[in-house]
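The structure file upload_23.txt is reproduced below (compact mmCIF, C-alpha atoms).
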```txt
# COMPACT_ATOMS: atom_id res chain seq x y z
CA MET A 1063 -7.62 -13.59 -16.56
CA LEU A 1064 -9.95 -10.87 -15.34
CA ARG A 1065 -11.55 -13.43 -13.03
CA ALA A 1066 -8.10 -14.32 -11.69
CA ILE A 1067 -7.42 -10.63 -11.00
CA GLU A 1068 -10.77 -10.34 -9.24
CA LEU A 1069 -9.88 -13.33 -7.05
CA ALA A 1070 -6.43 -11.93 -6.26
CA GLU A 1071 -7.98 -8.76 -4.81
CA ARG A 1072 -9.45 -10.83 -2.00
CA GLY A 1073 -5.98 -11.24 -0.56
CA ARG A 1074 -5.39 -7.50 -0.07
CA GLY A 1075 -4.12 -6.84 3.42
CA HIS A 1076 -3.75 -10.55 4.20
CA VAL A 1077 -0.79 -11.61 2.06
CA GLU A 1078 1.74 -8.76 2.17
CA PRO A 1079 4.70 -8.62 1.79
CA ASN A 1080 3.79 -11.34 -0.72
CA PRO A 1081 1.97 -10.28 -3.88
CA MET A 1082 -1.77 -10.70 -4.36
CA VAL A 1083 -2.21 -13.49 -6.89
CA GLY A 1084 -5.22 -15.22 -8.43
CA CYS A 1085 -5.43 -18.35 -10.57
CA VAL A 1086 -8.12 -19.85 -12.77
CA LEU A 1087 -8.00 -23.35 -14.30
CA VAL A 1088 -9.68 -23.91 -17.65
CA LYS A 1089 -10.17 -27.13 -19.64
CA ASP A 1090 -12.07 -27.61 -22.89
CA GLY A 1091 -13.28 -24.02 -22.63
CA LYS A 1092 -14.78 -24.49 -19.16
CA LEU A 1093 -13.68 -23.16 -15.80
CA ILE A 1094 -12.85 -26.20 -13.62
CA GLY A 1095 -11.11 -24.59 -10.65
CA GLU A 1096 -10.00 -21.29 -9.17
CA GLY A 1097 -8.10 -19.96 -6.20
CA TYR A 1098 -6.04 -17.12 -4.79
CA HIS A 1099 -3.30 -16.46 -2.26
CA ARG A 1100 -5.37 -16.10 0.90
CA ARG A 1101 -2.79 -15.38 3.61
CA PHE A 1102 0.92 -14.86 4.08
CA GLY A 1103 2.56 -18.23 4.60
CA GLY A 1104 -0.42 -20.11 3.16
CA PRO A 1105 -0.79 -21.90 -0.19
CA HIS A 1106 -0.16 -19.80 -3.26
CA ALA A 1107 -2.89 -19.16 -5.81
CA GLU A 1108 -1.92 -22.00 -8.13
CA VAL A 1109 -2.01 -24.58 -5.34
CA ASP A 1110 -5.26 -23.13 -3.98
CA ALA A 1111 -6.81 -23.48 -7.44
CA LEU A 1112 -5.63 -27.08 -7.79
CA GLN A 1113 -7.05 -27.88 -4.36
CA SER A 1114 -10.43 -26.53 -5.47
CA LEU A 1115 -10.82 -29.26 -8.12
CA THR A 1116 -13.51 -31.82 -7.44
CA ASP A 1117 -11.23 -34.39 -9.04
CA ARG A 1118 -7.46 -33.82 -9.15
CA SER A 1119 -7.23 -35.68 -12.47
CA LEU A 1120 -9.16 -32.82 -14.11
CA ALA A 1121 -5.95 -30.77 -14.08
CA ASP A 1122 -4.36 -33.06 -16.65
CA GLY A 1123 -4.30 -31.13 -19.92
CA ALA A 1124 -5.76 -27.93 -18.42
CA THR A 1125 -4.63 -24.32 -18.81
CA ALA A 1126 -3.75 -22.18 -15.79
CA PHE A 1127 -4.40 -18.44 -15.99
CA VAL A 1128 -2.40 -16.73 -13.25
CA THR A 1129 -1.95 -13.03 -12.53
CA LEU A 1130 1.79 -13.32 -11.79
CA GLU A 1131 4.53 -15.63 -12.99
CA PRO A 1132 4.53 -18.82 -10.87
CA CYS A 1133 7.31 -19.04 -8.30
CA CYS A 1134 10.10 -21.57 -8.80
CA HIS A 1135 11.78 -21.49 -5.40
CA THR A 1136 11.05 -22.85 -1.95
CA GLY A 1137 10.11 -20.19 0.57
CA LYS A 1138 7.38 -20.66 3.15
CA THR A 1139 5.74 -23.00 0.62
CA PRO A 1140 7.07 -25.31 -2.13
CA PRO A 1141 7.45 -23.91 -5.68
CA CYS A 1142 4.24 -23.47 -7.65
CA THR A 1143 5.96 -24.57 -10.84
CA ALA A 1144 6.38 -28.06 -9.37
CA ALA A 1145 2.69 -28.19 -8.40
CA LEU A 1146 1.62 -27.22 -11.94
CA ILE A 1147 4.00 -29.69 -13.58
CA ASN A 1148 3.01 -32.56 -11.29
CA ALA A 1149 -0.70 -31.84 -11.82
CA GLY A 1150 -0.38 -32.25 -15.58
CA ILE A 1151 -1.08 -28.65 -16.58
CA THR A 1152 -0.10 -28.24 -20.23
CA ARG A 1153 -0.37 -24.44 -20.65
CA VAL A 1154 0.28 -21.53 -18.30
CA VAL A 1155 -0.78 -17.99 -19.12
CA ALA A 1156 0.71 -15.34 -16.82
CA ALA A 1157 -0.44 -11.72 -16.91
CA ILE A 1158 2.98 -10.37 -15.91
CA ALA A 1159 6.44 -11.67 -15.06
CA ASP A 1160 7.66 -11.60 -11.46
CA PRO A 1161 10.77 -9.41 -10.94
CA PHE A 1162 11.50 -11.03 -7.55
CA PRO A 1163 15.19 -12.07 -7.85
CA GLN A 1164 14.50 -15.73 -7.03
CA VAL A 1165 11.91 -15.89 -9.84
CA ASN A 1166 12.53 -13.21 -12.51
CA GLY A 1167 11.67 -15.37 -15.52
CA GLY A 1168 12.88 -18.58 -13.91
CA GLY A 1169 9.38 -19.83 -13.24
CA LEU A 1170 8.34 -19.59 -16.88
CA ALA A 1171 11.65 -21.11 -18.00
CA GLN A 1172 11.16 -24.06 -15.67
CA LEU A 1173 7.66 -24.64 -17.02
CA ARG A 1174 8.89 -24.51 -20.63
CA HIS A 1175 11.69 -26.93 -19.80
CA ALA A 1176 9.01 -29.35 -18.56
CA GLY A 1177 7.22 -29.08 -21.90
CA ILE A 1178 4.49 -26.70 -20.75
CA GLU A 1179 3.42 -23.97 -23.16
CA THR A 1180 3.70 -20.48 -21.63
CA GLU A 1181 2.37 -17.06 -22.53
CA VAL A 1182 2.83 -13.68 -20.83
CA GLY A 1183 1.00 -10.37 -21.23
CA ILE A 1184 -2.73 -11.12 -21.11
CA CYS A 1185 -4.42 -8.29 -19.13
CA GLN A 1186 -0.97 -6.90 -18.39
CA ARG A 1187 -2.22 -3.41 -17.53
CA GLU A 1188 -4.82 -4.65 -15.04
CA ALA A 1189 -2.37 -7.05 -13.40
CA THR A 1190 0.33 -4.40 -13.15
CA LYS A 1191 -2.14 -2.10 -11.42
CA LEU A 1192 -3.09 -4.89 -9.01
CA SER A 1193 0.52 -5.69 -8.18
CA ALA A 1194 1.94 -2.15 -8.29
CA PRO A 1195 2.85 -1.89 -4.57
CA TYR A 1196 4.59 -5.29 -4.63
CA LEU A 1197 6.40 -4.51 -7.87
CA LYS A 1198 7.63 -1.16 -6.54
CA ARG A 1199 8.93 -2.72 -3.33
CA VAL A 1200 10.78 -5.48 -5.20
CA ARG A 1201 12.32 -3.08 -7.72
CA SER A 1202 13.10 -0.07 -5.53
CA ASN A 1203 13.12 -1.54 -2.01
CA ARG A 1204 10.62 1.15 -1.00
CA PRO A 1205 6.92 0.87 -0.12
CA TRP A 1206 4.01 2.22 -2.15
CA VAL A 1207 3.07 5.64 -0.73
CA ILE A 1208 -0.59 6.64 -0.46
CA ALA A 1209 -1.35 10.29 0.32
CA LYS A 1210 -4.72 10.78 1.99
CA TRP A 1211 -6.64 13.93 2.86
CA ALA A 1212 -10.13 15.34 3.32
CA MET A 1213 -10.90 18.79 1.94
CA THR A 1214 -13.78 21.15 1.27
CA LEU A 1215 -15.18 22.00 -2.15
CA ASP A 1216 -12.77 24.94 -2.27
CA GLY A 1217 -9.77 22.78 -1.42
CA ARG A 1218 -9.29 23.60 2.27
CA ILE A 1219 -8.49 21.16 5.06
CA ALA A 1220 -9.53 23.55 7.84
CA THR A 1221 -10.96 27.01 8.45
CA ILE A 1222 -8.78 30.01 9.17
CA SER A 1223 -9.10 29.17 12.88
CA GLY A 1224 -7.97 25.57 12.30
CA ASP A 1225 -11.40 23.98 12.75
CA SER A 1226 -11.58 20.77 10.69
CA GLN A 1227 -13.95 18.35 12.41
CA TRP A 1228 -15.56 17.19 10.37
CA ILE A 1229 -14.95 18.13 6.73
CA SER A 1230 -15.90 14.68 5.48
CA GLY A 1231 -18.89 12.59 6.49
CA GLU A 1232 -19.22 9.44 8.53
CA VAL A 1233 -19.10 7.10 5.53
CA SER A 1234 -15.86 8.67 4.30
CA ARG A 1235 -14.31 8.40 7.75
CA GLY A 1236 -15.32 4.75 7.86
CA GLU A 1237 -13.53 4.20 4.55
CA VAL A 1238 -10.39 5.78 6.02
CA HIS A 1239 -10.48 3.29 8.89
CA ARG A 1240 -10.85 0.45 6.37
CA LEU A 1241 -7.75 1.70 4.53
CA ARG A 1242 -5.80 1.99 7.77
CA GLY A 1243 -6.45 -1.70 8.33
CA LEU A 1244 -4.86 -2.55 4.96
CA VAL A 1245 -1.54 -0.68 5.21
CA ASP A 1246 1.72 -1.37 7.01
CA ALA A 1247 2.28 2.16 8.32
CA ILE A 1248 0.44 5.45 8.82
CA ILE A 1249 2.62 8.56 8.70
CA ILE A 1250 1.92 12.04 10.04
CA GLY A 1251 3.95 15.11 10.90
CA GLY A 1252 4.77 16.37 14.36
CA GLY A 1253 2.43 19.34 14.00
CA THR A 1254 -0.53 17.15 13.10
CA ALA A 1255 0.26 14.87 16.04
CA ALA A 1256 0.17 17.86 18.39
CA ILE A 1257 -2.88 19.63 16.94
CA ASP A 1258 -5.16 16.66 16.20
CA ASP A 1259 -3.91 14.29 18.92
CA PRO A 1260 -4.99 11.25 16.85
CA THR A 1261 -4.69 7.57 17.69
CA LEU A 1262 -4.28 6.50 14.02
CA THR A 1263 -5.71 3.06 14.66
CA ALA A 1264 -8.22 1.24 12.45
CA ARG A 1265 -11.67 0.97 13.98
CA PRO A 1266 -12.74 -1.78 13.63
CA PRO A 1267 -9.34 -3.44 13.17
CA GLY A 1268 -8.41 -4.67 9.70
CA PRO A 1269 -6.17 -7.55 8.63
CA ARG A 1270 -3.00 -5.49 9.15
CA LEU A 1271 -1.75 -3.61 12.21
CA ALA A 1272 -0.13 -0.41 10.99
CA THR A 1273 2.90 1.12 12.66
CA ARG A 1274 2.07 4.74 13.55
CA ILE A 1275 4.93 6.99 12.41
CA VAL A 1276 5.46 10.61 13.41
CA VAL A 1277 8.02 12.57 11.39
CA ALA A 1278 9.07 15.00 14.09
CA ASN A 1279 11.26 17.57 12.37
CA ASN A 1280 10.46 20.30 14.90
CA ARG A 1281 7.99 18.92 17.43
CA LEU A 1282 8.02 15.63 19.34
CA PRO A 1283 4.81 13.86 20.38
CA ALA A 1284 3.83 14.60 23.97
CA ILE A 1285 4.05 11.80 26.48
CA GLU A 1286 0.38 12.36 27.34
CA SER A 1287 -0.69 12.17 23.67
CA ARG A 1288 -3.01 9.44 22.48
CA LEU A 1289 -0.30 8.06 20.23
CA VAL A 1290 1.99 7.41 23.18
CA GLN A 1291 -0.76 6.31 25.53
CA THR A 1292 -1.92 3.64 23.03
CA ILE A 1293 1.46 2.07 22.31
CA ASP A 1294 0.07 -1.18 23.72
CA GLN A 1295 -2.47 -1.17 20.86
CA ALA A 1296 -0.14 -0.43 17.93
CA PRO A 1297 3.58 0.30 17.46
CA LEU A 1298 4.78 3.90 17.42
CA MET A 1299 7.89 5.13 15.59
CA VAL A 1300 9.15 8.68 16.00
CA VAL A 1301 11.42 9.88 13.20
CA VAL A 1302 13.81 12.62 14.28
CA PRO A 1303 16.57 14.61 12.56
CA HIS A 1304 20.18 13.83 13.33
CA GLN A 1305 20.79 16.76 15.69
CA VAL A 1306 18.01 15.98 18.20
CA TYR A 1307 19.45 15.47 21.68
CA GLU A 1308 19.16 12.03 23.26
CA GLU A 1309 17.59 13.42 26.42
CA SER A 1310 14.78 14.90 24.33
CA VAL A 1311 13.65 11.54 22.99
CA GLU A 1312 14.51 9.41 26.02
CA PRO A 1313 11.04 9.77 27.63
CA LEU A 1314 9.40 8.58 24.42
CA ALA A 1315 11.76 5.63 24.18
CA ASN A 1316 11.09 4.75 27.80
CA ALA A 1317 7.36 4.82 27.05
CA GLY A 1318 7.84 2.21 24.33
CA ALA A 1319 8.21 4.31 21.18
CA GLU A 1320 10.87 3.40 18.65
CA ILE A 1321 13.15 6.33 17.88
CA PHE A 1322 14.45 6.36 14.32
CA ARG A 1323 17.24 8.89 14.08
CA CYS A 1324 17.97 10.01 10.53
CA ALA A 1325 21.48 10.72 9.31
CA THR A 1326 20.34 14.17 8.16
CA SER A 1327 18.14 17.09 9.15
CA ASP A 1328 17.02 17.84 5.60
CA SER A 1329 13.27 17.20 5.40
CA LEU A 1330 13.34 15.63 1.91
CA ALA A 1331 16.34 13.44 2.68
CA MET A 1332 14.64 12.30 5.90
CA ILE A 1333 11.68 11.06 3.86
CA THR A 1334 13.78 9.01 1.47
CA GLU A 1335 15.80 7.62 4.39
CA LEU A 1336 12.59 6.64 6.17
CA LEU A 1337 11.17 4.95 3.07
CA ASP A 1338 14.42 3.03 2.60
CA GLU A 1339 14.12 1.79 6.18
CA LEU A 1340 10.48 0.79 5.76
CA GLY A 1341 11.42 -1.09 2.60
CA LYS A 1342 14.06 -3.02 4.53
CA ARG A 1343 11.29 -4.01 6.93
CA GLN A 1344 9.31 -5.35 3.94
CA MET A 1345 6.51 -2.85 4.31
CA THR A 1346 4.46 -2.79 1.10
CA ASN A 1347 1.88 0.00 1.55
CA VAL A 1348 2.16 3.11 3.73
CA MET A 1349 -0.33 5.97 4.05
CA VAL A 1350 0.57 9.61 4.72
CA GLU A 1351 -2.30 11.40 6.46
CA GLY A 1352 -0.78 14.85 6.79
CA GLY A 1353 -0.36 17.56 7.58
CA GLY A 1354 0.20 19.82 4.66
CA SER A 1355 3.88 20.42 5.34
CA LEU A 1356 4.69 16.70 5.42
CA LEU A 1357 2.61 15.99 2.32
CA GLY A 1358 4.40 18.85 0.58
CA SER A 1359 7.74 17.27 1.46
CA PHE A 1360 6.62 13.89 0.12
CA LEU A 1361 5.46 15.62 -3.08
CA SER A 1362 8.71 17.54 -3.51
CA ALA A 1363 10.67 14.35 -2.91
CA GLY A 1364 8.67 12.63 -5.67
CA GLN A 1365 7.44 10.03 -3.22
CA ILE A 1366 3.65 10.02 -3.66
CA ASP A 1367 2.38 7.09 -5.73
CA GLU A 1368 -1.35 7.31 -5.05
CA VAL A 1369 -3.81 9.87 -3.70
CA HIS A 1370 -7.05 9.24 -1.80
CA ALA A 1371 -8.99 12.51 -1.56
CA TYR A 1372 -12.31 12.92 0.26
CA ILE A 1373 -14.13 16.05 -0.88
CA GLY A 1374 -16.80 17.37 1.46
CA SER A 1375 -19.73 19.58 0.49
CA ARG A 1376 -18.75 22.75 2.38
CA ILE A 1377 -17.00 25.93 1.26
CA VAL A 1378 -14.99 27.73 3.95
CA GLY A 1379 -13.07 30.41 2.02
CA GLY A 1380 -10.26 32.47 3.47
CA ALA A 1381 -6.93 33.15 1.82
CA GLU A 1382 -5.13 31.85 4.91
CA ALA A 1383 -7.17 28.65 5.24
CA PRO A 1384 -4.75 25.76 4.61
CA GLY A 1385 -4.86 23.37 1.68
CA PRO A 1386 -3.93 19.68 1.84
CA VAL A 1387 -0.44 19.95 0.34
CA GLY A 1388 1.98 22.60 1.58
CA GLY A 1389 5.69 23.04 1.10
CA ASN A 1390 7.33 25.09 -1.62
CA GLY A 1391 5.25 23.66 -4.45
CA PHE A 1392 6.18 23.98 -8.14
CA ARG A 1393 6.75 27.17 -10.11
CA LEU A 1394 5.74 25.69 -13.48
CA LEU A 1395 2.75 23.47 -14.21
CA GLY A 1396 4.91 21.41 -16.56
CA ASP A 1397 7.11 20.39 -13.63
CA THR A 1398 4.26 18.91 -11.58
CA PRO A 1399 3.68 15.15 -11.32
CA ASP A 1400 0.81 13.85 -13.42
CA PHE A 1401 -1.83 11.66 -11.79
CA GLU A 1402 -4.46 9.51 -13.49
CA ILE A 1403 -7.94 9.45 -11.96
CA ASP A 1404 -8.56 5.81 -11.11
CA LEU A 1405 -11.83 5.98 -9.17
CA VAL A 1406 -14.59 8.51 -8.45
CA GLN A 1407 -17.21 7.42 -5.93
CA ARG A 1408 -20.01 9.08 -3.97
CA PHE A 1409 -20.13 8.68 -0.18
CA ASP A 1410 -23.37 10.39 0.92
CA SER A 1411 -22.64 14.09 0.33
CA ASP A 1412 -18.89 13.48 -0.18
CA VAL A 1413 -16.96 12.62 -3.33
CA TYR A 1414 -14.13 10.11 -3.01
CA ILE A 1415 -11.33 10.26 -5.61
CA VAL A 1416 -8.43 7.84 -6.05
CA ALA A 1417 -5.62 8.83 -8.40
CA ARG A 1418 -2.33 7.17 -9.29
CA LYS A 1419 0.87 8.80 -10.43
CA ARG A 1420 1.30 7.98 -14.11
CA ASP A 1421 5.02 7.37 -13.94
CA SER A 1422 5.18 5.56 -10.58
CA ARG A 1423 7.86 2.92 -10.84
CA CYS A 1424 6.18 -0.48 -10.62
```
Output the file's structure in the form of structure tokens.
Amino acid sequence: MLRAIELAERGRGHVEPNPMVGCVLVKDGKLIGEGYHRRFGGPHAEVDALQSLTDRSLADGATAFVTLEPCCHTGKTPPCTAALINAGITRVVAAIADPFPQVNGGGLAQLRHAGIETEVGICQREATKLSAPYLKRVRSNRPWVIAKWAMTLDGRIATISGDSQWISGEVSRGEVHRLRGLVDAIIIGGGTAAIDDPTLTARPPGPRLATRIVVANNRLPAIESRLVQTIDQAPLMVVVPHQVYEESVEPLANAGAEIFRCATSDSLAMITELLDELGKRQMTNVMVEGGGSLLGSFLSAGQIDEVHAYIGSRIVGGAEAPGPVGGNGFRLLGDTPDFEIDLVQRFDSDVYIVARKRDSRC
């Protein structure tokens, strides 16, 4: 099963909003075939594994290890349960069940009805971690939220004068571009858009083209900003509170930006409304790149699932130098969300940390 999980990872960024899935075929204790879901709309992992066999008759009597319950409905491809049954597979081991309404235990039931032995729960923790963004979107209709920032050794994202280029090194910045090419949206606040004037594109491009989103509670992106001037390269959405006048956003709309007007002006409610909308658009992973005020709002709203922190080797000091997460914060340590360190990696003189919220719904 661990090999199937390893294979599934290869589909990251290529298969969403579908889940990443891997499959390994075993017969008489030997691996005879393997595959994974390679692209959205393409063959699923089970079919890919069957197609890898040197002789299709080898599948007769084999066991399929798959990271997610096989589908039993016709979508862009025929059901995987039918492919397994027709191939003569006699046992299917799934790491986790699929909560997707058109599956939700139906795939395993269909296999059992055909006389195939089934088992669920092998490497459940690893498979749940792999599929967490998909599982969250299916269950909550909201995308997985990644918070990303770079900070100094003393936890600052800029000096007291606002100088921040560059806190992290070239390798770390390259990793950020890789991540941008794997997500469906990149979100920043209006202040960050004005101060940093970013493009928020992946360089080089990745498998996904992220929608750039500016949450403009108090400040709209300028028409001459890089975000607006590069609308032909990637979509731009500007999220505004309910009371913003139409004439204020009309130039942005005329330039090609999508204006998403929230039903509220409350910063926390705007975030949940935005995430609900992105879920309706079947976005699976979104990344919030700042600034501190916006990240603080996401934190207060309980909407950060994963953190990617790049820690540079400098110390800047200064009581007024900003940290990565602003907002009102928490009065008591016991009220704060708990994150589990998932990865610690060295990038030249930087340290890269990935952490996941322990109680993220997936």
Record the distance separating atom CA of Thr1152 of chain A and atom CA of Gly1167 of chain A, expressed in Å with one decimal.
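Distance reported for this atom pair: 18.1 Å.
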At most 12 Å is the cut-off: for each residue in segment 1229-1248 of chain A with any atom that close to an atom of segment 1404-1413 of chain A, write down the nearest atom pair and the distance in Å rounded to one decimal, counting all atoms listed in the file, chain first then increasing number, as CSV.
```
residue,atom,partner,partner_atom,distance
A:Ile1229,CA,A:Asp1412,CA,9.2
A:Ser1230,CA,A:Asp1412,CA,6.5
A:Gly1231,CA,A:Asp1412,CA,6.7
A:Glu1232,CA,A:Asp1410,CA,8.7
A:Val1233,CA,A:Phe1409,CA,6.0
A:Ser1234,CA,A:Phe1409,CA,6.2
A:Arg1235,CA,A:Phe1409,CA,9.8
A:Gly1236,CA,A:Phe1409,CA,10.2
A:Glu1237,CA,A:Phe1409,CA,9.3
A:Val1238,CA,A:Phe1409,CA,11.9
```
Let's have the selection written as a compact mmCIF listing (two decimals), in the frame of the given file, with C-alpha atoms.
```
# COMPACT_ATOMS: atom_id res chain seq x y z
CA ILE A 1229 -14.95 18.13 6.73
CA SER A 1230 -15.90 14.68 5.48
CA GLY A 1231 -18.89 12.59 6.49
CA GLU A 1232 -19.22 9.44 8.53
CA VAL A 1233 -19.10 7.10 5.53
CA SER A 1234 -15.86 8.67 4.30
CA ARG A 1235 -14.31 8.40 7.75
CA GLY A 1236 -15.32 4.75 7.86
CA GLU A 1237 -13.53 4.20 4.55
CA VAL A 1238 -10.39 5.78 6.02
```
Produce the centre coordinates and the three edge lengths, each in Å to one decimal, of the box along x, y and z that contains all listed atoms of segment 1311-1330 of chain A with 5 Å added on each side, as AutoDock Vina command-line options.
```
--center_x 14.4 --center_y 10.0 --center_z 14.9 --size_x 24.1 --size_y 25.6 --size_z 35.9
```
If you measure from atom CA of Ala1284 of chain A to atom CA of Ser1226 of chain A, what distance in Å do you get, rounded to one decimal?
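Going from atom CA of Ala1284 of chain A over to atom CA of Ser1226 of chain A, I get 21.3 Å.
Those DNA, RNA and protein residues that approach the point (11.9, -11.0, -4.6) to within 12 Å, considering only C-alpha atoms, are A:Pro1079, A:Asn1080, A:Pro1081, A:Cys1133, A:Cys1134, A:His1135, A:Gly1137, A:Ala1159, A:Asp1160, A:Pro1161, A:Phe1162, A:Pro1163, A:Gln1164, A:Val1165, A:Asn1166, A:Gly1167, A:Tyr1196, A:Leu1197, A:Lys1198, A:Arg1199, A:Val1200, A:Arg1201, A:Ser1202, A:Asn1203, A:Gln1344.
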List every protein, DNA or RNA residue with an atom no more than 12 Å from (-0.7, 12.7, 26.8) in the file's coordinates, counting only C-alpha atoms, and format the result as a list in words.
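In the file's frame, the residues around the point are Ala1255, Ala1256, Asp1259, Pro1260, Thr1261, Leu1282, Pro1283, Ala1284, Ile1285, Glu1286, Ser1287, Arg1288, Leu1289, Val1290, Gln1291, Thr1292, Ile1293, Leu1314 and Ala1317 of chain A.
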May I ask which of the residues A:Ile1373, A:Ile1257, A:Val1300, A:Leu1271 is the closest one to Tyr1414 of chain A, counting all atoms listed in the file?
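Using all atoms listed in the file, Tyr1414 of chain A sits closest to A:Ile1373.
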One number please: atom CA of Gly1243 of chain A to atom CA of Pro1267 of chain A, in Å, one decimal.
5.9 Å
So that I can check the surroundings of Gly1354 of chain A, please list as a list of chain:residue names every protein, DNA and RNA residue that reaches within 10 Å of it, counting all atoms listed in the file and ignoring chain neighbours fewer than 6 positions away.
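That gives A:Trp1211, A:Ile1219, A:Ile1250, A:Gly1251, A:Gly1253, A:Thr1254, A:Phe1360, A:Pro1384, A:Gly1385, A:Pro1386, A:Val1387, A:Gly1388, A:Gly1389.
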Please write the residues from the selection above to a file, keeping C-alpha atoms, as a compact mmCIF listing (two decimals), keeping the file's coordinate frame.
```txt
# COMPACT_ATOMS: atom_id res chain seq x y z
CA TRP A 1211 -6.64 13.93 2.86
CA ILE A 1219 -8.49 21.16 5.06
CA ILE A 1250 1.92 12.04 10.04
CA GLY A 1251 3.95 15.11 10.90
CA GLY A 1253 2.43 19.34 14.00
CA THR A 1254 -0.53 17.15 13.10
CA PHE A 1360 6.62 13.89 0.12
CA PRO A 1384 -4.75 25.76 4.61
CA GLY A 1385 -4.86 23.37 1.68
CA PRO A 1386 -3.93 19.68 1.84
CA VAL A 1387 -0.44 19.95 0.34
CA GLY A 1388 1.98 22.60 1.58
CA GLY A 1389 5.69 23.04 1.10
```
Nearest-residue call for Val1350 of chain A, choices A:Thr1129, A:Ser1329, A:Thr1139, A:Gln1365, using only C-alpha atoms
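The closest residue to Val1350 of chain A is A:Gln1365.
Comparing A:Ala1176, A:Val1088, A:Val1109, A:Val1306 by their smallest distance to Ala1145 of chain A, the closest is A:Val1109 (using only C-alpha atoms).
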What's the 7 Å shell around Met1082 of chain A, counting all atoms listed in the file, without same-chain residues fewer than 6 positions away, as number ranges by chain?
A: 1070-1071, 1073-1074, 1099, 1193
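Checking A:Met1213, A:Leu1336, A:Leu1170, A:Val1416 one by one against Gly1374 of chain A, counting only C-alpha atoms, you find the shortest gap at A:Met1213.
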Ranking A:Val1086, A:Ala1157, A:Val1128, A:Ala1264 by minimum distance to Leu1112 of chain A and counting only C-alpha atoms, which one comes first?
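So, comparing all the options, the nearest one is A:Val1086.
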